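Asker: I have a structure here, written as structure tokens, and I will follow up with some questions on it.
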Amino acid sequence: MTGRAGLVLRSIAPFVAALPVLWLVQGVLPSYHSFVFINIAVNVILAVSLNVVNGFTGQFSIGHAAFMAVGAYTAALVTTGMETFQVMGLPPVASDAVVFFVALVAGMAMASLAGLLVGIPSLRLRGDYLAIVTLGFGEIIRVIIENTRVLGQATGISGLPAYTNVVWAGMGVVATVVMARRLLLSTQGRALLAIREDEVAAEAMGVDTVGWKVRAFVISAAFAGLAGALLVHKIQLVTPRMFTFVKSMEVVVMVVLGGMGSITGSIVAATLLTVALESLQAADQYRMVIFSMLLIVLMLTRPSGIFGTREIWDAMPRWTRRRPGGRAT
Amino acid sequence: MTEFLQHVVNGVSLGTIYALIALGYTMVYGVLKLINFAHGDVYMAAAFAGFYIATALGVRDHPTIGKALAVLVGSMAAAGALGWAIERFAYRPLRNRPRLATLITAIGISFLLEYGFQLPSLQAQGRTFEEVLRGWGWAVPGWLHSLVGVLPSTFPPGPTPRFFPEPFTRIDWTVLGGVHVSNYDVVSFLVAVGFMLLLQWIVYRTRFGTAMRAVSFDPRVAGLMGIPVNRVISATFVLGSVLAAVAALLVAGSRPRIDPIMGLMPGLKAFVAAVFGGIGNVPGAMLGGIVLGLAEEMVAGYTVSSFRDGIAFAMLILVLIVRPEGLLGRPTVEKV
Amino acid sequence: MRAARAVALLAASLAVVACQSKKPEAEAPAKAAAAPAPASDKVLVGHVGSMTGSEATFGQSTDNGIKLAIEQWNAKGGIKGKNITLRTYDSQGKPEEAAVAATRLIVNDKVNLLLGEVASSRSLAMAPVADGNATPMITPSSTNPRVTKDKDKVRPFVFRVCFIDPFQGTVMAKFARNDLKVDRVAILRDVGNDYSMGLADYFLAKFKELGGTIVDDQSYKAGDQDFKAQLTAIKNKNPQAIYVPGYYTDVALIARQARELGMKQPLLGGDGWDSSKLFEIGGKAIEGSFFSNHYSPDDPSPRIQEFVTAYKARFGGVPDGLAAQGYDAAMVGFDAMNRAADGSGTAIRDAIAATKGYPGVTGIITIDANHDAVKPAVVLEVKDGKSSYVTTVAP
């Protein structure tokens, strides 16, 4: 499997392979578990996409919830606006699916536009200053939503169609992971990693650091938008409260806990934290206290994240590794 | 004109809060290059420490200068101890690790304090500490009755906001034909300026300050030069936390509502103020706080108040794009 | 070029999924509707509340109210001889968490009755779950009309025991115009809170309709420390009263800061003010202000006094409005379950819908065709550190 054909095949294969599996899962899972599954999927998409900016490129963004909000609201407007819309010649179910697909793409597009908007200031800013800009952007988005009547202000938009299910959410995860993996293994990905390791050196080597940083923001934002759109079509409601600074921080926690730049790490961390929060419901009011202690202990015991910058197979015993010697990235 | 002056007074008063918290932020950042996300929660914890001491002393009914001082000192001590503990157990083990790892433990500590303080106390569950002890089969001697259980029974204050008693009597002055200023505004501002000067003096004029700057420049080399790096960093944390306690008491005294998440927004805003002024720079934190306070005030007062935070942040972004190193920050030259 | 192809690829593969993925979801409600047929010897009640996070104080108060109601029923022998058990899940103040928690309670734990949430935004996330699984849900204090009504269609399984926004906003506008006889009012609303926004909008409309003028419309954000900017702007417009339909947590500080700026106007508000903390933190500043509420805590009627005494004995503090509403939501639910033909969701739903003249702490509750509680509102004045009855406004 080499060359263009191999590449295309390797991109398609995950989707084809995942489809029947997700289908099966969808049929088997009771509705509470599928809800949790969707929540995990949304968090995985968020974590992996933020990893593109924070992990691959080494920039520090703490405004991921804002892109989520942009995607969610755009998609919500599309689906509520097209609720009575019927694609000619298609049964209603398929027509709904088309509408939802259009909504997801629209959400991603708008979110990536927002990403472009935030990416541009990163031309000049570094480290904590960039963090402030992303934080500020998150607040600005929230303020705009709260002041716009069409977006329902504080109440948001309710009564959204319940389009999201296990298959959609699962496919979203596959798309995000394939994107991140392909990106990481490509020339572009090397450029991002070079920026993370040493921006000055990368620039000296002829890497268009500014251009790549902005592109990383755009890609990451698009998938955050996807996550937002998927989430709100599960709970059938979108309100500004869902996209606060705290949400952004939760995603940052997942990325760092999983290991900066490790895709499987993000997946594992996002899953772990979502499941932990859910199973801690039994702990009543002590839930968040236990959760925060868990966070501290995990970080103290694994300071570079669960997998560091490696992937899960690099951390496995040698005889299970696919590639001898592990990977440097 | 009166309205404008009133807005200026309000803005400076608000900015002073941000500045006081930002000073602590900037101290820690200056030495460790660490965004101490738990700083706002140390501020909260200090306010509650003050609250418990004030309640025990009965400040609410009989405020005196002596009691106010006791509250201040007690709260500063509690915050200092908390700051030391946080650094020792959550940050120091990660000192030589990626900077972001410490950020996550900082967030963890922040969550722990916020949610921990939101737990219902024994009292709110309808029990007392004494009953719990007795339940475990431990008898409480008669003479200890009044002492045992006051704090353990009421400690995690729970999420309901509390009333913070005024440490000193509030006086409102009306000046310049209708501008209202209170003694709290004046005292807070003077204290903030005083601390700024004090910090500046500590950093640039004392042996400790020299050590701090050395650690900030390069902790490894500083260690090799015989500077007790750990002790310097601990002391910086204690200093920063003590500042948070002072801020907490001044704020709680004039805006007497305290609750477990009171540190979240001011902490965030103070972080913004610190970066705005040039993070790691002491006068910058002060200036950043005041400018942010004034900006918010003017936006809310003269334009649509629901855009308050939005416009304040937008301005901030614009300023940062023009001056990426903050108002008073020194541009760093990247060396290869 | 390559990027474009990747996007096309992605689109194509997602489209493949899209075409066939809808079916199982459509089947879900039908399957679930048959589910709740409890034959166990206890009654399980679920509560979704913001037990942690920025609104924990509201969630924990509501939970306390519910606990008290359950303990009282169990002391009386339970519902039809069955003990009531409570299961509370935390929503952290997030709609998505509230939806998951509601699903877990209904589908996994198979609760007979779902209670919650305080905020409308979270009840709105829970309502479709309750409807889709045919489990009755009573919200103690979500006031947005859309909680019980989805686009002109009444949600079959969702009820509330509190006022709706239009009613309370209108009541205060009438009171301000007719009883206080003021012409010029300024509004200060919490922009991030749908409850506050709703009350303010309806107040504004009604007050204008009655011939009054809204001189200024400012907003703040819950948790702010400083409200002086907005208050200074309001002061300059010189209103005769200020409508602040927020929660007591912020209103107490707003009142203080208004007085510090030398403003003497009364503040007007809604049931979000109902807490002893308002008087404690607001102190002298809140004196002479008015708010609409469900009941007056100094009402001498035994059912209110008994509730206040029992709550104090159990939780060591005076109940706030949210505790009272949580208590009433639970009580209305248990009363209905006691009357219901059997333990099925539809039977309980029908019994709740038939609630008529139930003597709750927060008023005589009758559920109307929209599944809203019809009860008169009282207007209270803050006097000598407590609220005192002024007048009753019928719906």
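Naming scheme: A, B, ... for chains in displayed order of the structure tokens; residues 1 onward per chain; ligands 1 onward as shown.
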Taking the DSSP assignment computed from this structure's backbone, write out as a list in words all residues of stretch 75-309 of chain B that belong to strand (DSSP E).

Answerer: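 Output for stretch 75-309 of chain B, strand (DSSP E) only: Arg162, Phe163, Asp172, Trp173, Thr174, Val175, Val179, His180, Val181, Ser182, Arg257 and Ile258 of chain B.
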
Asker: Could you write out as number ranges by chain the residues of chain C within 6 Å of chain B, counting only C-alpha atoms?

Answerer: C: 56-57, 218-219, 229-230, 233, 261, 281, 314-316

Asker: Pull N, CA and C atoms from the residues just selected and write them as a PDB file, in the first residue's frame.

Answerer:
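And here is the file that came out, out_28.pdb:
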```
ATOM      1  N   ALA C  56     -24.730  25.634  42.654  1.00  0.00           N
ATOM      2  CA  ALA C  56     -24.903  24.558  43.626  1.00  0.00           C
ATOM      3  C   ALA C  56     -25.860  24.959  44.741  1.00  0.00           C
ATOM      4  N   THR C  57     -25.847  26.230  45.115  1.00  0.00           N
ATOM      5  CA  THR C  57     -26.704  26.644  46.227  1.00  0.00           C
ATOM      6  C   THR C  57     -28.178  26.409  45.909  1.00  0.00           C
ATOM      7  N   GLN C 218     -30.469  47.876  31.582  1.00  0.00           N
ATOM      8  CA  GLN C 218     -29.076  47.489  31.737  1.00  0.00           C
ATOM      9  C   GLN C 218     -28.989  46.015  32.105  1.00  0.00           C
ATOM     10  N   SER C 219     -27.803  45.460  32.002  1.00  0.00           N
ATOM     11  CA  SER C 219     -27.677  44.057  32.392  1.00  0.00           C
ATOM     12  C   SER C 219     -26.363  43.790  33.112  1.00  0.00           C
ATOM     13  N   ALA C 229     -21.206  50.380  37.646  1.00  0.00           N
ATOM     14  CA  ALA C 229     -21.219  51.003  36.321  1.00  0.00           C
ATOM     15  C   ALA C 229     -22.650  51.136  35.829  1.00  0.00           C
ATOM     16  N   GLN C 230     -23.385  50.025  35.891  1.00  0.00           N
ATOM     17  CA  GLN C 230     -24.765  50.039  35.417  1.00  0.00           C
ATOM     18  C   GLN C 230     -25.613  50.945  36.305  1.00  0.00           C
ATOM     19  N   ALA C 233     -25.156  54.576  35.552  1.00  0.00           N
ATOM     20  CA  ALA C 233     -25.869  54.942  34.325  1.00  0.00           C
ATOM     21  C   ALA C 233     -27.367  55.062  34.600  1.00  0.00           C
ATOM     22  N   LEU C 261     -24.274  54.543  46.076  1.00  0.00           N
ATOM     23  CA  LEU C 261     -24.224  55.613  45.081  1.00  0.00           C
ATOM     24  C   LEU C 261     -25.268  56.674  45.380  1.00  0.00           C
ATOM     25  N   ILE C 281     -27.336  39.732  53.721  1.00  0.00           N
ATOM     26  CA  ILE C 281     -26.265  40.404  52.961  1.00  0.00           C
ATOM     27  C   ILE C 281     -26.712  41.801  52.557  1.00  0.00           C
ATOM     28  N   ARG C 314     -34.276  20.036  60.434  1.00  0.00           N
ATOM     29  CA  ARG C 314     -33.565  19.025  59.663  1.00  0.00           C
ATOM     30  C   ARG C 314     -32.258  19.560  59.083  1.00  0.00           C
ATOM     31  N   PHE C 315     -32.244  20.786  58.583  1.00  0.00           N
ATOM     32  CA  PHE C 315     -31.069  21.282  57.868  1.00  0.00           C
ATOM     33  C   PHE C 315     -30.406  22.495  58.523  1.00  0.00           C
ATOM     34  N   GLY C 316     -30.929  22.910  59.648  1.00  0.00           N
ATOM     35  CA  GLY C 316     -30.273  23.977  60.390  1.00  0.00           C
ATOM     36  C   GLY C 316     -30.233  25.316  59.688  1.00  0.00           C
TER      37      GLY C 316
END
```

Asker: Would you list the contacts of stretch 348-351 of chain C as a list in words, taking every protein, DNA or RNA residue within 10 Å and counting only C-alpha atoms, but skipping same-chain residues closer than 3 positions in sequence?

Answerer: Asn112, Leu113, Ala134, Thr135, Pro136, Met137, Ile138, Pro156, Phe157, Val158, Phe159, Val332, Gly333, Phe334, Asp335, Ala336, Met337, Asn338, Arg339, Ala340, Ala341, Asp342, Gly343, Ser344, Gly345, Ala354, Thr355 and Lys356 of chain C

Asker: Please write the residues from the selection above to a file, keeping C-alpha atoms, as a JSON list (two decimals), in the first residue's frame.

Answerer:
```
[["chain", "number", "residue", "atom", "x", "y", "z"],
["C", 112, "ASN", "CA", -41.32, 6.44, 38.82],
["C", 113, "LEU", "CA", -41.06, 10.19, 38.97],
["C", 134, "ALA", "CA", -43.16, 8.22, 29.22],
["C", 135, "THR", "CA", -41.96, 9.11, 32.70],
["C", 136, "PRO", "CA", -43.65, 12.01, 34.45],
["C", 137, "MET", "CA", -41.39, 14.93, 35.30],
["C", 138, "ILE", "CA", -42.13, 17.85, 37.59],
["C", 156, "PRO", "CA", -47.38, 15.24, 27.66],
["C", 157, "PHE", "CA", -45.22, 14.25, 30.65],
["C", 158, "VAL", "CA", -43.74, 17.51, 31.87],
["C", 159, "PHE", "CA", -45.25, 19.64, 34.64],
["C", 332, "VAL", "CA", -47.54, 17.23, 44.32],
["C", 333, "GLY", "CA", -45.86, 14.24, 42.71],
["C", 334, "PHE", "CA", -46.41, 11.96, 45.74],
["C", 335, "ASP", "CA", -49.97, 13.11, 46.12],
["C", 336, "ALA", "CA", -50.60, 12.22, 42.48],
["C", 337, "MET", "CA", -48.88, 8.84, 42.86],
["C", 338, "ASN", "CA", -51.07, 8.14, 45.82],
["C", 339, "ARG", "CA", -54.15, 8.87, 43.74],
["C", 340, "ALA", "CA", -52.95, 7.19, 40.55],
["C", 341, "ALA", "CA", -54.64, 4.02, 39.42],
["C", 342, "ASP", "CA", -51.35, 2.13, 39.21],
["C", 343, "GLY", "CA", -47.60, 2.78, 39.15],
["C", 344, "SER", "CA", -47.31, 3.26, 35.40],
["C", 345, "GLY", "CA", -46.01, 6.52, 33.96],
["C", 354, "ALA", "CA", -55.71, 16.23, 37.58],
["C", 355, "THR", "CA", -54.14, 18.00, 40.57],
["C", 356, "LYS", "CA", -56.61, 20.55, 41.81]]
```

Asker: Mind listing as a list in words which residues of chain A are within 6 Å of chain B, counting only C-alpha atoms?

Answerer: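 Listing them in order of chain and number gives Leu125, Val133, Gly136, Ile140, Val143, Val289, Ser292, Leu295, Ile296 and Pro303 of chain A.
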
Asker: Please dump the current selection as an mmCIF file, in the first residue's frame; keep N, CA and C atoms.

Answerer:
```cif
data_model
loop_
_atom_site.group_PDB
_atom_site.id
_atom_site.type_symbol
_atom_site.label_atom_id
_atom_site.label_comp_id
_atom_site.auth_asym_id
_atom_site.auth_seq_id
_atom_site.Cartn_x
_atom_site.Cartn_y
_atom_site.Cartn_z
ATOM 1 N N LEU A 125 1.522 36.601 18.500
ATOM 2 C CA LEU A 125 1.503 36.279 19.929
ATOM 3 C C LEU A 125 2.024 34.884 20.218
ATOM 4 N N VAL A 133 -5.759 35.562 24.258
ATOM 5 C CA VAL A 133 -6.575 35.898 23.090
ATOM 6 C C VAL A 133 -7.654 34.846 22.869
ATOM 7 N N GLY A 136 -10.229 35.261 25.552
ATOM 8 C CA GLY A 136 -11.050 36.439 25.276
ATOM 9 C C GLY A 136 -12.024 36.171 24.149
ATOM 10 N N ILE A 140 -16.034 36.565 24.106
ATOM 11 C CA ILE A 140 -16.713 37.438 23.133
ATOM 12 C C ILE A 140 -17.833 36.679 22.431
ATOM 13 N N VAL A 143 -20.737 36.385 24.716
ATOM 14 C CA VAL A 143 -21.438 37.658 24.854
ATOM 15 C C VAL A 143 -22.286 37.940 23.620
ATOM 16 N N VAL A 289 -15.150 16.572 44.059
ATOM 17 C CA VAL A 289 -13.975 16.565 44.924
ATOM 18 C C VAL A 289 -13.104 15.359 44.590
ATOM 19 N N SER A 292 -11.461 15.900 41.180
ATOM 20 C CA SER A 292 -10.295 16.788 41.135
ATOM 21 C C SER A 292 -9.075 16.125 41.768
ATOM 22 N N LEU A 295 -7.605 13.860 39.267
ATOM 23 C CA LEU A 295 -6.862 14.648 38.283
ATOM 24 C C LEU A 295 -5.451 14.947 38.789
ATOM 25 N N ILE A 296 -5.373 15.399 40.034
ATOM 26 C CA ILE A 296 -4.072 15.773 40.602
ATOM 27 C C ILE A 296 -3.172 14.545 40.697
ATOM 28 N N PRO A 303 3.488 12.714 34.760
ATOM 29 C CA PRO A 303 3.617 14.146 34.470
ATOM 30 C C PRO A 303 3.605 14.482 32.982
#
```

Asker: Considering only C-alpha atoms, return as an mmCIF file with N, CA and C atoms, in the first residue's frame whatever protein or nucleic-acid residues lie within 7 Å of stretch 193-203 of chain A, sequence-local ones (same chain, fewer than 6 positions apart) excluded.

Answerer:
```cif
data_model
loop_
_atom_site.group_PDB
_atom_site.id
_atom_site.type_symbol
_atom_site.label_atom_id
_atom_site.label_comp_id
_atom_site.auth_asym_id
_atom_site.auth_seq_id
_atom_site.Cartn_x
_atom_site.Cartn_y
_atom_site.Cartn_z
ATOM 1 N N PHE A 56 0.180 19.105 18.736
ATOM 2 C CA PHE A 56 1.060 19.032 17.564
ATOM 3 C C PHE A 56 1.877 20.309 17.420
ATOM 4 N N THR A 57 1.147 21.450 17.497
ATOM 5 C CA THR A 57 1.778 22.713 17.146
ATOM 6 C C THR A 57 2.386 23.410 18.349
ATOM 7 N N GLY A 58 1.996 22.973 19.554
ATOM 8 C CA GLY A 58 2.592 23.551 20.744
ATOM 9 C C GLY A 58 2.066 24.933 21.085
ATOM 10 N N THR A 209 5.931 29.311 9.510
ATOM 11 C CA THR A 209 5.357 29.073 10.843
ATOM 12 C C THR A 209 3.993 29.722 11.000
#
```
